[in-house]
Structure formats: C-alpha cells, structure tokens
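Trainee: Compact mmCIF, C-alpha atoms, saved as my_file25.txt, coming up:
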# COMPACT_ATOMS: atom_id res chain seq x y z
CA MET A 958 0.00 0.00 0.00
CA LYS A 959 1.42 3.28 -1.07
CA HIS A 960 1.25 6.16 1.34
CA PRO A 961 0.32 9.46 -0.17
CA LYS A 962 3.20 11.88 -0.43
CA PRO A 963 2.95 14.72 2.03
CA GLN A 964 1.96 17.90 0.36
CA THR A 965 4.43 20.73 0.70
CA GLN A 966 2.87 24.06 1.48
CA THR A 967 4.29 27.13 -0.08
CA ASN A 968 3.64 30.62 1.10
CA PRO A 969 1.74 32.47 -1.53
CA THR A 970 3.64 35.36 -3.02
CA PRO A 971 1.92 38.63 -2.23
CA SER A 972 0.18 39.90 -5.26
CA PRO A 973 1.18 43.25 -6.71
CA SER A 974 -2.19 44.65 -5.65
CA SER A 975 -1.59 43.53 -2.03
CA ARG A 976 1.83 45.18 -1.93
CA SER A 977 0.39 48.30 -3.44
CA SER A 978 -2.38 48.43 -0.84
CA SER A 979 0.10 48.08 2.03
CA SER A 980 2.34 50.78 0.61
CA SER A 981 -0.62 53.07 0.10
CA SER A 982 -1.76 52.55 3.70
CA SER A 983 1.73 53.33 5.03
CA LEU A 984 1.90 56.49 2.94
CA SER A 985 -1.52 57.58 4.17
CA SER A 986 -0.45 57.11 7.80
CA HIS A 987 2.71 59.10 7.20
CA LEU A 988 0.82 61.93 5.55
CA ALA A 989 -1.73 61.96 8.37
CA MET A 990 1.08 62.27 10.92
CA VAL A 991 2.69 65.10 8.94
CA GLU A 992 -0.64 66.90 8.78
CA LEU A 993 -1.19 66.40 12.52
CA LYS A 994 2.26 67.75 13.34
CA GLN A 995 1.66 70.81 11.19
CA ARG A 996 -1.65 71.43 12.93
CA ILE A 997 0.05 71.19 16.33
CA LEU A 998 2.85 73.55 15.31
CA THR A 999 0.34 76.04 13.96
CA SER A 1000 -1.58 76.00 17.25
CA LEU A 1001 1.63 76.37 19.25
CA SER A 1002 2.62 79.39 17.19
CA LYS A 1003 -0.67 81.05 18.14
CA LEU A 1004 0.02 80.80 21.88
CA SER A 1005 2.11 83.96 21.84
CA ASP A 1006 -0.72 86.10 20.45
CA ARG A 1007 -3.17 87.33 23.06
CA ASP A 1008 -6.01 87.30 20.51
CA THR A 1009 -5.50 83.67 19.52
CA HIS A 1010 -4.08 82.28 22.77
CA GLN A 1011 -7.25 80.78 24.23
CA ILE A 1012 -8.36 79.24 20.94
CA ALA A 1013 -4.90 77.72 20.48
CA VAL A 1014 -4.96 76.23 23.99
CA GLU A 1015 -8.38 74.68 23.39
CA ASP A 1016 -7.30 73.28 20.02
CA LEU A 1017 -4.19 71.74 21.53
CA GLU A 1018 -6.11 70.22 24.42
CA LYS A 1019 -8.61 68.67 21.99
CA THR A 1020 -5.80 67.38 19.80
CA ILE A 1021 -4.03 65.85 22.80
CA ALA A 1022 -7.20 64.11 23.96
CA ALA A 1023 -7.68 62.52 20.53
CA LEU A 1024 -4.08 61.40 19.96
CA SER A 1025 -3.23 57.81 19.13
CA PRO A 1026 -0.38 56.23 21.13
CA ASP A 1027 2.02 56.33 18.18
CA ALA A 1028 1.67 60.12 18.04
CA ILE A 1029 2.85 60.68 21.62
CA PRO A 1030 6.59 60.99 20.81
CA MET A 1031 5.81 63.49 18.07
CA ILE A 1032 3.74 65.85 20.22
CA LEU A 1033 6.22 65.60 23.09
CA ASN A 1034 9.01 66.71 20.77
CA CYS A 1035 6.86 69.61 19.58
CA LEU A 1036 6.26 70.65 23.18
CA TYR A 1037 9.95 70.31 24.08
CA ASP A 1038 10.79 72.70 21.26
CA ALA A 1039 8.00 75.10 22.24
CA ALA A 1040 9.23 75.16 25.84
CA THR A 1041 12.44 76.81 24.60
CA ASP A 1042 10.55 79.52 22.70
CA PRO A 1043 11.69 83.09 23.45
CA LYS A 1044 8.17 84.06 24.50
CA PRO A 1045 7.36 83.19 28.15
CA ALA A 1046 3.67 82.57 27.41
CA VAL A 1047 4.54 79.83 24.92
CA LYS A 1048 7.00 78.24 27.35
CA ARG A 1049 4.48 78.22 30.18
CA ASP A 1050 1.75 76.60 28.12
CA ALA A 1051 4.12 74.08 26.57
CA LEU A 1052 5.15 72.92 30.06
CA ARG A 1053 1.54 72.70 31.20
CA LEU A 1054 0.61 70.73 28.08
CA LEU A 1055 3.31 68.15 28.84
CA ALA A 1056 1.30 67.29 31.94
CA ALA A 1057 -1.89 67.28 29.86
CA VAL A 1058 -0.40 64.66 27.52
CA CYS A 1059 0.45 62.47 30.52
CA ALA A 1060 -3.00 62.95 32.02
CA ALA A 1061 -4.73 61.94 28.79
CA HIS A 1062 -2.36 59.10 27.87
CA ALA A 1063 -0.79 57.98 31.14
CA ASP A 1064 0.37 54.55 29.97
CA ALA A 1065 1.73 55.64 26.59
CA ALA A 1066 3.48 58.68 28.06
CA ALA A 1067 4.98 56.75 30.99
CA ALA A 1068 7.77 55.44 28.76
CA HIS A 1069 8.84 59.05 28.17
CA LEU A 1070 8.61 60.19 31.80
CA THR A 1071 12.37 60.41 32.39
CA LYS A 1072 12.81 62.74 29.44
CA ILE A 1073 9.72 64.79 30.31
CA ILE A 1074 10.85 65.41 33.89
CA GLY A 1075 14.41 66.14 32.80
CA HIS A 1076 13.15 68.70 30.32
CA VAL A 1077 10.94 70.38 32.92
CA VAL A 1078 13.80 70.58 35.42
CA ARG A 1079 16.09 72.17 32.82
CA ARG A 1080 13.52 74.95 32.38
CA LEU A 1081 14.22 76.00 35.98
CA LYS A 1082 17.12 77.99 34.55
CA ASP A 1083 14.65 80.31 32.86
CA ALA A 1084 14.84 83.93 33.97
CA ASP A 1085 11.05 84.29 33.96
CA SER A 1086 9.56 83.40 37.35
CA ALA A 1087 6.25 82.44 35.72
CA VAL A 1088 8.05 79.79 33.68
CA ARG A 1089 9.64 78.42 36.85
CA ASP A 1090 6.19 78.39 38.45
CA ALA A 1091 4.95 76.39 35.46
CA CYS A 1092 7.77 73.90 36.09
CA ARG A 1093 6.60 73.54 39.69
CA ASP A 1094 2.99 73.00 38.67
CA THR A 1095 3.95 70.50 35.97
CA VAL A 1096 6.04 68.47 38.41
CA GLY A 1097 3.10 68.50 40.81
CA ALA A 1098 0.67 67.32 38.14
CA LEU A 1099 3.03 64.53 37.07
CA ALA A 1100 3.53 63.46 40.69
CA ALA A 1101 -0.21 63.29 41.25
CA GLN A 1102 -0.49 61.21 38.08
CA TYR A 1103 2.32 58.72 38.62
CA LEU A 1104 3.29 58.62 42.30
CA LYS A 1105 0.15 57.26 43.90
CA GLY A 1106 -1.22 53.80 44.20
CA ASP A 1107 0.91 51.29 46.07
CA GLY A 1108 2.40 53.11 49.02
CA GLY A 1109 5.86 53.27 47.53
CA GLY A 1110 6.32 49.58 46.88
CA GLY A 1111 7.27 48.17 43.52
CA GLY A 1112 6.90 50.46 40.56
CA VAL A 1113 5.91 53.69 42.27
CA GLY A 1114 8.96 53.64 44.51
CA THR A 1115 11.11 53.37 41.39
CA VAL A 1116 9.26 56.18 39.64
CA VAL A 1117 9.97 58.51 42.57
CA GLY A 1118 13.62 58.22 41.57
CA LEU A 1119 12.79 59.63 38.13
CA PHE A 1120 11.64 62.82 39.86
CA VAL A 1121 14.19 62.98 42.66
CA LYS A 1122 17.38 62.37 40.65
CA PRO A 1123 17.16 65.43 38.34
CA LEU A 1124 15.83 67.63 41.16
CA PHE A 1125 18.76 66.83 43.46
CA GLU A 1126 21.13 67.31 40.52
CA ALA A 1127 19.62 70.77 39.99
CA MET A 1128 20.09 71.52 43.69
CA GLY A 1129 23.75 70.72 43.18
CA GLU A 1130 24.20 73.41 40.55
CA GLN A 1131 25.97 76.59 41.58
CA ASN A 1132 22.95 78.74 40.84
CA LYS A 1133 20.80 79.86 43.74
CA GLY A 1134 17.74 80.39 41.55
CA VAL A 1135 17.94 76.89 40.09
CA GLN A 1136 18.53 75.39 43.54
CA ALA A 1137 15.50 77.21 44.94
CA GLY A 1138 13.36 76.23 41.95
CA ALA A 1139 14.29 72.58 42.33
CA ALA A 1140 13.47 72.68 46.04
CA VAL A 1141 10.07 74.20 45.33
CA CYS A 1142 9.43 71.51 42.71
CA MET A 1143 10.34 68.80 45.21
CA ALA A 1144 7.98 70.28 47.77
CA LYS A 1145 5.21 70.26 45.17
CA MET A 1146 6.03 66.68 44.21
CA VAL A 1147 5.70 65.53 47.83
CA GLU A 1148 2.55 67.58 48.36
CA CYS A 1149 0.76 66.28 45.26
CA ALA A 1150 1.81 62.66 45.75
CA GLY A 1151 1.18 62.66 49.48
CA GLY A 1152 -2.51 63.48 49.56
CA GLY A 1153 -5.17 60.93 50.44
CA GLY A 1154 -2.79 58.59 52.25
CA GLU A 1155 -1.45 57.18 48.98
CA ALA A 1156 2.07 58.57 49.22
CA PRO A 1157 5.09 56.39 48.38
CA VAL A 1158 6.24 56.57 52.00
CA PRO A 1159 9.36 54.33 51.82
CA ALA A 1160 10.71 56.33 48.88
CA PHE A 1161 9.96 59.65 50.56
CA GLN A 1162 11.60 58.39 53.75
CA LYS A 1163 14.90 58.31 51.86
CA LEU A 1164 14.62 62.02 51.09
CA CYS A 1165 15.06 63.04 54.72
CA PRO A 1166 18.80 62.37 55.14
CA ARG A 1167 19.51 63.92 51.76
CA ILE A 1168 17.64 67.07 52.76
CA CYS A 1169 19.66 67.24 55.99
CA LYS A 1170 22.86 66.81 53.98
CA LEU A 1171 21.94 69.76 51.76
CA LEU A 1172 21.58 72.01 54.77
CA ASN A 1173 25.09 71.12 55.86
CA SER A 1174 26.54 71.75 52.42
CA PRO A 1175 28.27 75.10 51.91
CA ASN A 1176 27.52 74.79 48.19
CA PHE A 1177 23.76 74.81 48.72
CA MET A 1178 22.80 78.48 48.76
CA ALA A 1179 18.99 78.24 48.74
CA LYS A 1180 18.59 76.87 52.26
CA ALA A 1181 15.41 78.84 52.92
CA ALA A 1182 13.78 77.08 49.95
CA ILE A 1183 14.10 73.77 51.81
CA LEU A 1184 11.40 74.79 54.29
CA PRO A 1185 8.48 73.95 51.92
CA VAL A 1186 10.03 70.51 51.34
CA VAL A 1187 10.24 69.91 55.09
CA SER A 1188 6.68 71.14 55.51
CA SER A 1189 5.36 68.84 52.76
CA LEU A 1190 7.22 65.82 54.13
CA SER A 1191 5.93 66.47 57.64
CA GLN A 1192 2.36 66.21 56.35
CA VAL A 1193 2.80 62.82 54.68
CA ARG A 1194 0.85 60.25 56.66
CA GLY A 1195 3.02 57.44 58.01
CA LEU A 1196 6.31 59.20 57.31
CA HIS A 1197 8.76 59.33 60.21
CA CYS A 1198 11.88 61.31 59.44
CA CYS A 1199 14.37 61.56 62.25
CA GLY A 1200 15.52 65.12 62.65
CA LEU A 1201 12.87 66.61 60.38
CA GLY A 1202 11.80 69.04 63.08
CA GLU A 1203 15.40 70.05 63.66
CA VAL A 1204 15.78 70.71 59.94
CA GLY A 1205 12.78 73.01 60.04
CA SER A 1206 14.21 74.85 63.04
CA ARG A 1207 17.59 75.26 61.38
CA VAL A 1208 15.98 76.61 58.23
CA GLY A 1209 13.98 79.04 60.34
CA GLU A 1210 17.18 80.29 61.96
CA LEU A 1211 18.76 80.81 58.55
CA MET A 1212 15.87 82.86 57.21
Starting from the file, lay out its structure as structure tokens.
Mentor:
Amino acid sequence: MKHPKPQTQTNPTPSPSSRSSSSSSSLSSHLAMVELKQRILTSLSKLSDRDTHQIAVEDLEKTIAALSPDAIPMILNCLYDAATDPKPAVKRDALRLLAAVCAAHADAAAAHLTKIIGHVVRRLKDADSAVRDACRDTVGALAAQYLKGDGGGGGVGTVVGLFVKPLFEAMGEQNKGVQAGAAVCMAKMVECAGGGGEAPVPAFQKLCPRICKLLNSPNFMAKAAILPVVSSLSQVRGLHCCGLGEVGSRVGELM
C-alpha cells in the first residue's frame, strides 16, 4: 500500500495589488502624521498672540485628547521645542501641556517620563519666574499622576527616583535660583503625591537624610527654599523622618 506523499505548502507570493495596498496605507499614515504635526505647530505658534491664545490652547487640548499612542513621541518633541521659545507665554503653556499629555495618555506617556521630567527641570534655569512656576505646577501634576497607588512599593517607589534624581542634581548646581526652583518643585512633588494617604512613604523616607545633607553643604545656597520641602514631608501620613523638626528649626534660623 502506497502512502500518499505529504503535500508541501508554499507561502503564496503577495500579489502586486496587495503590496500596493500596504504601501498606500503606510503612505496615508505618514501623511496623516505630517498633517497632525503641522496642525500642532500652527496652534503652538498662536500661543504667543493674546487674541489667539485661548483658541490655540483649546485646540491643543482637543488634539491631545484625541491622539493615538504612536503620536505621543511626536507631540512631546513639539512641546519640548516650544518650551524653549523666546516668549514666556509659549513656554508656560508648553510645560503645562506636557502634563496634559500624561493625564490623557498615562500609559503611553509613561515610557517618556524620564525625558519629560528632565526637560521640565532644565527649564528652571529660565529667567522668567512664571516659567519656573509652570515647572513647579507641571512636576506636581506629574507626581499626582504617577506617584500614587501602592504606598511606595514596587513600581511607584522606582518612579519617585525619576523625579528625585534630576531635582537633586539641579540643587547641586551653583545657581541659587535653580537650587530654589528645584526645592520648590520637590515640595510640590511631595505635596501632590502625598494626599489621600497614597504617598510612596518608603521612597519619601529616603529624602530626609539627603535634605539634611543639603543644609550642611556650603555649596547649597537656597537653604530657605528647603522649608516647603520639610513642611510637605511632615504632612505625609506614616512618614517618620528623624531630625525633620530640627531641619525646620535650622531653616527658620537661617531665614
């Protein structure tokens, strides 16, 4: 009895029409992304004009809400560029919109959090106090978004480091304004993450000795700016920092 020969399967070669359809779809996606980027840039350019500012903000917020995940890197890059614009109004809104992107697309934006925070912290060098205030508010919004949920265990404890590392680096710069701005941002981070008993307590606990070390450093010139950090830490439920009260007293003496 003869056994039938096994049939060999061959992958069908894509037809020219199939290849053409795929290429056409890819081109359409590319063109749509180019058009979206141009629309975003146009709206950003209108932020500096008082007459078009509010409309531009609303357009950008609507665009952000409707973004697909693959468009997140593109809009972040647009906002990074806008945050270096010569006009303070554009910089302030660009920083605020970074937080809006994260609020609307928390999971997709999380992969870019290190770069986002680093960019915000670099803006603390800006001479305009309103821009530095926008940095503080953006850090607070990001902290409220990403630093709550598991009491500092696992992922959240790690994410705290993404905030703390660039802020402490900024406090190490020989620029009193930058040091003070970073301290204010850290206070806002603790305040916004610490509400409702959901603070990452173990991670915040590690801040205490580093804050004390700053006070003892002759290179840290913005010692008075530490007081809001101490105040925010003291209000975190379940946080026990040895010497925190003494830090507050020392800061008070220095003011």
Trainee: Taking 2 positions as the minimum chain separation for residues in the same chain, which residues sit within 9 Å of Ala1022 (chain A) when counting all atoms listed in the file? Answer as a PDB file with C-alpha atoms, keeping the file's coordinate frame.
Mentor:
ATOM      1  CA  LEU A1017      -4.190  71.740  21.530  1.00  0.00           C
ATOM      2  CA  GLU A1018      -6.110  70.220  24.420  1.00  0.00           C
ATOM      3  CA  LYS A1019      -8.610  68.670  21.990  1.00  0.00           C
ATOM      4  CA  THR A1020      -5.800  67.380  19.800  1.00  0.00           C
ATOM      5  CA  LEU A1024      -4.080  61.400  19.960  1.00  0.00           C
ATOM      6  CA  SER A1025      -3.230  57.810  19.130  1.00  0.00           C
ATOM      7  CA  ALA A1057      -1.890  67.280  29.860  1.00  0.00           C
ATOM      8  CA  VAL A1058      -0.400  64.660  27.520  1.00  0.00           C
ATOM      9  CA  ALA A1061      -4.730  61.940  28.790  1.00  0.00           C
ATOM     10  CA  HIS A1062      -2.360  59.100  27.870  1.00  0.00           C
TER      11      HIS A1062
END
Trainee: Rounded to one decimal, what separation in Å do you get between CA of Leu1196 (chain A) and CA of Val1096 (chain A)?
Mentor: 21.1 Å
Trainee: To one decimal place in Å, what is the distance between CA of Ala1084 (chain A) and CA of Val1187 (chain A)?
Mentor: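 Going from CA of Ala1084 (chain A) over to CA of Val1187 (chain A) covers 25.8 Å.
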Trainee: May I have the residues at most 8 Å from (21.8, 76.5, 43.0) in the file's coordinates, counting all atoms listed in the file, as a list in words?
Mentor: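 I get Ala1127, Met1128, Gly1129, Glu1130, Gln1131, Asn1132, Lys1133, Gly1134, Val1135, Gln1136, Ala1137, Asn1176, Phe1177, Met1178 and Ala1179 of chain A for the residues within 8 Å of that point.
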Trainee: Using only C-alpha atoms and a cutoff of 12 Å, can you tell me which residues are near (10.9, 72.3, 19.6) in the file's coordinates, and write them out as a PyMOL selection string?
Mentor: chain A and resi 994+997-998+1001-1002+1031-1043+1047-1048+1051-1052+1076
Trainee: For Cys1165 (chain A), which of A:Ala989, A:Ile1073, A:Val1116, A:Leu1190 is the closest residue, counting only C-alpha atoms?
Mentor: A:Leu1190
Trainee: In Å, with one decimal, what is the gap from CA of Leu1099 (chain A) to CA of Leu1171 (chain A)?
Mentor: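 For CA of Leu1099 (chain A) relative to CA of Leu1171 (chain A), the distance reads 24.5 Å.
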Trainee: Would you mind telling me which residue in A:Val1141, A:Leu1172, A:Leu1055, A:Leu1070 lies nearest to Phe1120 (chain A) when using all atoms listed in the file?
Mentor: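 Looking only at the distances to Phe1120 (chain A), the closest residue turns out to be A:Leu1070.
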Trainee: Find the spatial neighbours of region 1143-1157 of chain A, counting only C-alpha atoms, within a cut-off of 9 Å - ignore same-chain residues fewer than 5 positions away - and output them as a ChimeraX atom specification.
Mentor: /A:1093-1094,1096-1110,1113-1114,1117,1120-1121,1124-1125,1138,1162,1183-1190,1192-1195
Trainee: Of the candidates A:Arg1167, A:His1010, A:His1069, A:Arg1049, which one gets nearest to Asp1083 (chain A) if we count only C-alpha atoms?
Mentor: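 The answer is A:Arg1049, which sits nearest to Asp1083 (chain A).
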Trainee: So, with all atoms listed in the file as the atoms that count, which of A:Ala1087, A:Pro1030, A:Ala1046, A:Arg1080 lies closest to Ala1065 (chain A)?
Mentor: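 Comparing A:Ala1087, A:Pro1030, A:Ala1046, A:Arg1080 against Ala1065 (chain A), the winner is A:Pro1030.
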Trainee: Would you mind telling me which residue in A:Ile1074, A:Ala1028, A:Ala1063, A:Leu1004 lies nearest to Glu992 (chain A) when using only C-alpha atoms?
Mentor: A:Ala1028
Trainee: Go through A:Val991, A:Cys1142, A:Val1077, A:Cys1059 and flag the residue nearest Pro1026 (chain A), using all atoms listed in the file for the distances.
Mentor: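 Smallest separation from Pro1026 (chain A) among the options: A:Cys1059.
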